[in-house]
Amino acid sequence: MPPRAKITKDMIAEAAFEVPRAEGAGKINARRVSQKLGCSMQPVMYHFKTMGELEKAACERADLYRGAYISDIHTGEQAVSAHMEHVFAGALYALRRGRNEPSVSEK
(Lines give C-alpha, C1' and ligand atoms only; values in the text may rest on other atoms or scores of the structure.)
Protein backbone atom coordinates (compact mmCIF):
# COMPACT_ATOMS: atom_id res chain seq x y z
CA MET A 1 0.00 0.00 0.00
CA PRO A 2 1.45 3.43 -0.94
CA PRO A 3 2.08 5.93 1.84
CA ARG A 4 -0.82 8.19 2.71
CA ALA A 5 -0.60 11.72 1.32
CA LYS A 6 0.48 14.30 3.89
CA ILE A 7 -1.03 17.19 1.93
CA THR A 8 -4.57 16.42 0.84
CA LYS A 9 -6.73 18.06 -1.81
CA ASP A 10 -8.97 19.32 0.99
CA MET A 11 -6.04 20.97 2.76
CA ILE A 12 -4.98 22.66 -0.46
CA ALA A 13 -8.50 23.93 -1.15
CA GLU A 14 -8.68 25.38 2.37
CA ALA A 15 -5.29 27.08 1.96
CA ALA A 16 -6.40 28.47 -1.42
CA PHE A 17 -9.38 30.02 0.40
CA GLU A 18 -7.21 31.39 3.23
CA VAL A 19 -4.53 33.00 1.03
CA PRO A 20 -6.76 35.72 -0.43
CA ARG A 21 -8.33 36.35 2.97
CA ALA A 22 -4.88 37.40 4.16
CA GLU A 23 -3.36 38.83 0.97
CA GLY A 24 -6.15 39.76 -1.45
CA ALA A 25 -8.19 37.96 -4.10
CA GLY A 26 -5.56 38.29 -6.83
CA LYS A 27 -3.01 36.35 -4.79
CA ILE A 28 -4.25 32.80 -5.36
CA ASN A 29 -1.45 30.86 -7.01
CA ALA A 30 0.32 27.55 -6.49
CA ARG A 31 3.39 29.13 -4.90
CA ARG A 32 1.46 31.08 -2.25
CA VAL A 33 -0.78 28.11 -1.46
CA SER A 34 2.21 25.79 -1.07
CA GLN A 35 3.95 28.35 1.17
CA LYS A 36 0.81 28.53 3.33
CA LEU A 37 0.92 24.73 3.69
CA GLY A 38 4.69 24.60 4.21
CA CYS A 39 5.23 22.22 1.30
CA SER A 40 6.56 22.23 -2.23
CA MET A 41 4.34 23.13 -5.17
CA GLN A 42 4.19 19.45 -6.25
CA PRO A 43 1.15 18.45 -4.13
CA VAL A 44 -0.75 21.54 -5.27
CA MET A 45 -0.07 20.86 -8.95
CA TYR A 46 -0.79 17.14 -8.49
CA HIS A 47 -4.28 17.74 -7.11
CA PHE A 48 -5.11 20.80 -9.24
CA LYS A 49 -3.93 20.55 -12.83
CA THR A 50 -4.81 24.18 -13.65
CA MET A 51 -5.08 27.44 -11.75
CA GLY A 52 -8.73 27.51 -12.76
CA GLU A 53 -9.33 24.31 -10.79
CA LEU A 54 -7.54 25.76 -7.76
CA GLU A 55 -9.51 29.02 -7.95
CA LYS A 56 -12.75 27.06 -8.33
CA ALA A 57 -11.94 25.12 -5.16
CA ALA A 58 -11.28 28.40 -3.31
CA CYS A 59 -14.59 29.81 -4.56
CA GLU A 60 -16.44 26.68 -3.45
CA ARG A 61 -14.94 27.15 0.01
CA ALA A 62 -16.03 30.79 -0.06
CA ASP A 63 -19.57 29.68 -0.93
CA LEU A 64 -19.60 27.29 2.04
CA TYR A 65 -18.21 29.98 4.31
CA ARG A 66 -20.75 32.50 3.06
CA GLY A 67 -23.61 30.05 3.59
CA ALA A 68 -22.45 29.37 7.13
CA TYR A 69 -22.22 33.09 7.77
CA ILE A 70 -25.70 33.78 6.49
CA SER A 71 -27.19 31.05 8.66
CA ASP A 72 -25.40 32.35 11.76
CA ILE A 73 -26.45 35.31 13.93
CA HIS A 74 -23.62 37.62 15.04
CA THR A 75 -23.64 40.32 17.70
CA GLY A 76 -21.25 42.94 19.09
CA GLU A 77 -17.63 43.00 17.84
CA GLN A 78 -18.11 39.67 16.11
CA ALA A 79 -20.66 41.32 13.82
CA VAL A 80 -18.09 43.74 12.34
CA SER A 81 -15.49 41.03 11.81
CA ALA A 82 -18.03 38.60 10.42
CA HIS A 83 -19.40 41.28 8.10
CA MET A 84 -15.94 41.89 6.61
CA GLU A 85 -15.42 38.18 6.06
CA HIS A 86 -18.85 37.97 4.45
CA VAL A 87 -17.86 40.78 2.07
CA PHE A 88 -14.70 38.84 1.17
CA ALA A 89 -16.65 35.64 0.53
CA GLY A 90 -19.02 37.62 -1.69
CA ALA A 91 -16.06 39.02 -3.63
CA LEU A 92 -14.75 35.53 -4.32
CA TYR A 93 -18.22 34.52 -5.49
CA ALA A 94 -18.30 37.52 -7.85
CA LEU A 95 -14.85 36.58 -9.16
CA ARG A 96 -16.05 33.08 -9.96
CA ARG A 97 -19.25 34.39 -11.55
CA GLY A 98 -17.28 36.83 -13.71
CA ARG A 99 -14.99 34.08 -14.97
CA ASN A 100 -17.89 31.78 -15.76
CA GLU A 101 -20.05 34.43 -17.44
CA PRO A 102 -18.15 36.34 -20.13
CA SER A 103 -20.91 38.96 -20.40
CA VAL A 104 -20.24 39.95 -16.78
CA SER A 105 -16.44 40.03 -17.06
CA GLU A 106 -16.47 42.10 -20.27
CA LYS A 107 -18.32 45.05 -18.68
# chains A, B, ... in the order shown; residues from 1 in each chain; ligands from 1
>>> residues_around(residues="region 49-51 of chain A", least_positions_apart="6", cutoff="10 Å", atoms="only C-alpha atoms", output="number ranges by chain")
A: 28-30, 57
>>> residues_around(residues="Tyr65 (chain A)", least_positions_apart="4", cutoff="8 Å", atoms="only C-alpha atoms", output="MDAnalysis selection string")
chainID A and resid 61 69 89
>>> residues_around(residues="region 9-13 of chain A", least_positions_apart="5", cutoff="10 Å", atoms="only C-alpha atoms", output="PyMOL selection string")
chain A and resi 18+30+33-34+36-37+43-48+53-61
>>> write_last_selection(atoms="N, CA and C atoms", output="PDB file, in the first residue's frame")
ATOM      1  N   GLU A  18      -7.815  30.542   2.195  1.00  0.00           N
ATOM      2  CA  GLU A  18      -7.212  31.385   3.227  1.00  0.00           C
ATOM      3  C   GLU A  18      -6.237  32.417   2.654  1.00  0.00           C
ATOM      4  N   ALA A  30      -0.236  28.785  -7.059  1.00  0.00           N
ATOM      5  CA  ALA A  30       0.319  27.552  -6.491  1.00  0.00           C
ATOM      6  C   ALA A  30       1.444  27.839  -5.501  1.00  0.00           C
ATOM      7  N   VAL A  33      -0.051  29.177  -2.144  1.00  0.00           N
ATOM      8  CA  VAL A  33      -0.785  28.105  -1.458  1.00  0.00           C
ATOM      9  C   VAL A  33       0.194  27.110  -0.847  1.00  0.00           C
ATOM     10  N   SER A  34       1.229  26.739  -1.605  1.00  0.00           N
ATOM     11  CA  SER A  34       2.211  25.788  -1.070  1.00  0.00           C
ATOM     12  C   SER A  34       2.982  26.397   0.098  1.00  0.00           C
ATOM     13  N   LYS A  36       1.767  28.563   2.212  1.00  0.00           N
ATOM     14  CA  LYS A  36       0.806  28.531   3.327  1.00  0.00           C
ATOM     15  C   LYS A  36       0.806  27.150   3.994  1.00  0.00           C
ATOM     16  N   LEU A  37       0.936  26.100   3.172  1.00  0.00           N
ATOM     17  CA  LEU A  37       0.923  24.728   3.689  1.00  0.00           C
ATOM     18  C   LEU A  37       2.297  24.253   4.162  1.00  0.00           C
ATOM     19  N   PRO A  43       2.489  18.937  -4.506  1.00  0.00           N
ATOM     20  CA  PRO A  43       1.154  18.451  -4.134  1.00  0.00           C
ATOM     21  C   PRO A  43       0.030  19.329  -4.691  1.00  0.00           C
ATOM     22  N   VAL A  44       0.266  20.628  -4.747  1.00  0.00           N
ATOM     23  CA  VAL A  44      -0.746  21.543  -5.275  1.00  0.00           C
ATOM     24  C   VAL A  44      -1.000  21.236  -6.744  1.00  0.00           C
ATOM     25  N   MET A  45       0.071  21.110  -7.511  1.00  0.00           N
ATOM     26  CA  MET A  45      -0.067  20.859  -8.948  1.00  0.00           C
ATOM     27  C   MET A  45      -0.541  19.428  -9.235  1.00  0.00           C
ATOM     28  N   TYR A  46      -0.296  18.518  -8.322  1.00  0.00           N
ATOM     29  CA  TYR A  46      -0.787  17.144  -8.492  1.00  0.00           C
ATOM     30  C   TYR A  46      -2.313  17.111  -8.377  1.00  0.00           C
ATOM     31  N   HIS A  47      -2.837  17.775  -7.358  1.00  0.00           N
ATOM     32  CA  HIS A  47      -4.278  17.738  -7.107  1.00  0.00           C
ATOM     33  C   HIS A  47      -5.066  18.698  -7.998  1.00  0.00           C
ATOM     34  N   PHE A  48      -4.442  19.797  -8.403  1.00  0.00           N
ATOM     35  CA  PHE A  48      -5.112  20.799  -9.236  1.00  0.00           C
ATOM     36  C   PHE A  48      -4.267  21.033 -10.479  1.00  0.00           C
ATOM     37  N   GLU A  53      -8.833  25.312 -11.738  1.00  0.00           N
ATOM     38  CA  GLU A  53      -9.335  24.309 -10.786  1.00  0.00           C
ATOM     39  C   GLU A  53      -9.073  24.756  -9.347  1.00  0.00           C
ATOM     40  N   LEU A  54      -7.899  25.309  -9.108  1.00  0.00           N
ATOM     41  CA  LEU A  54      -7.543  25.763  -7.762  1.00  0.00           C
ATOM     42  C   LEU A  54      -8.435  26.938  -7.345  1.00  0.00           C
ATOM     43  N   GLU A  55      -8.649  27.884  -8.249  1.00  0.00           N
ATOM     44  CA  GLU A  55      -9.511  29.023  -7.947  1.00  0.00           C
ATOM     45  C   GLU A  55     -10.954  28.573  -7.730  1.00  0.00           C
ATOM     46  N   LYS A  56     -11.399  27.593  -8.508  1.00  0.00           N
ATOM     47  CA  LYS A  56     -12.754  27.064  -8.334  1.00  0.00           C
ATOM     48  C   LYS A  56     -12.909  26.458  -6.936  1.00  0.00           C
ATOM     49  N   ALA A  57     -11.899  25.714  -6.497  1.00  0.00           N
ATOM     50  CA  ALA A  57     -11.943  25.117  -5.157  1.00  0.00           C
ATOM     51  C   ALA A  57     -11.999  26.199  -4.084  1.00  0.00           C
ATOM     52  N   ALA A  58     -11.249  27.294  -4.269  1.00  0.00           N
ATOM     53  CA  ALA A  58     -11.280  28.402  -3.311  1.00  0.00           C
ATOM     54  C   ALA A  58     -12.657  29.057  -3.298  1.00  0.00           C
ATOM     55  N   CYS A  59     -13.254  29.208  -4.474  1.00  0.00           N
ATOM     56  CA  CYS A  59     -14.590  29.813  -4.562  1.00  0.00           C
ATOM     57  C   CYS A  59     -15.645  28.917  -3.926  1.00  0.00           C
ATOM     58  N   GLU A  60     -15.502  27.611  -4.083  1.00  0.00           N
ATOM     59  CA  GLU A  60     -16.436  26.684  -3.452  1.00  0.00           C
ATOM     60  C   GLU A  60     -16.341  26.799  -1.937  1.00  0.00           C
ATOM     61  N   ARG A  61     -15.120  26.943  -1.423  1.00  0.00           N
ATOM     62  CA  ARG A  61     -14.937  27.151   0.015  1.00  0.00           C
ATOM     63  C   ARG A  61     -15.591  28.459   0.449  1.00  0.00           C
TER      64      ARG A  61
END
>>> atom_distance(atom1="CA of Gln42 (chain A)", atom2="CA of Pro20 (chain A)")
20.4 Å
>>> atom_distance(atom1="CA of Arg32 (chain A)", atom2="CA of Val19 (chain A)")
7.1 Å
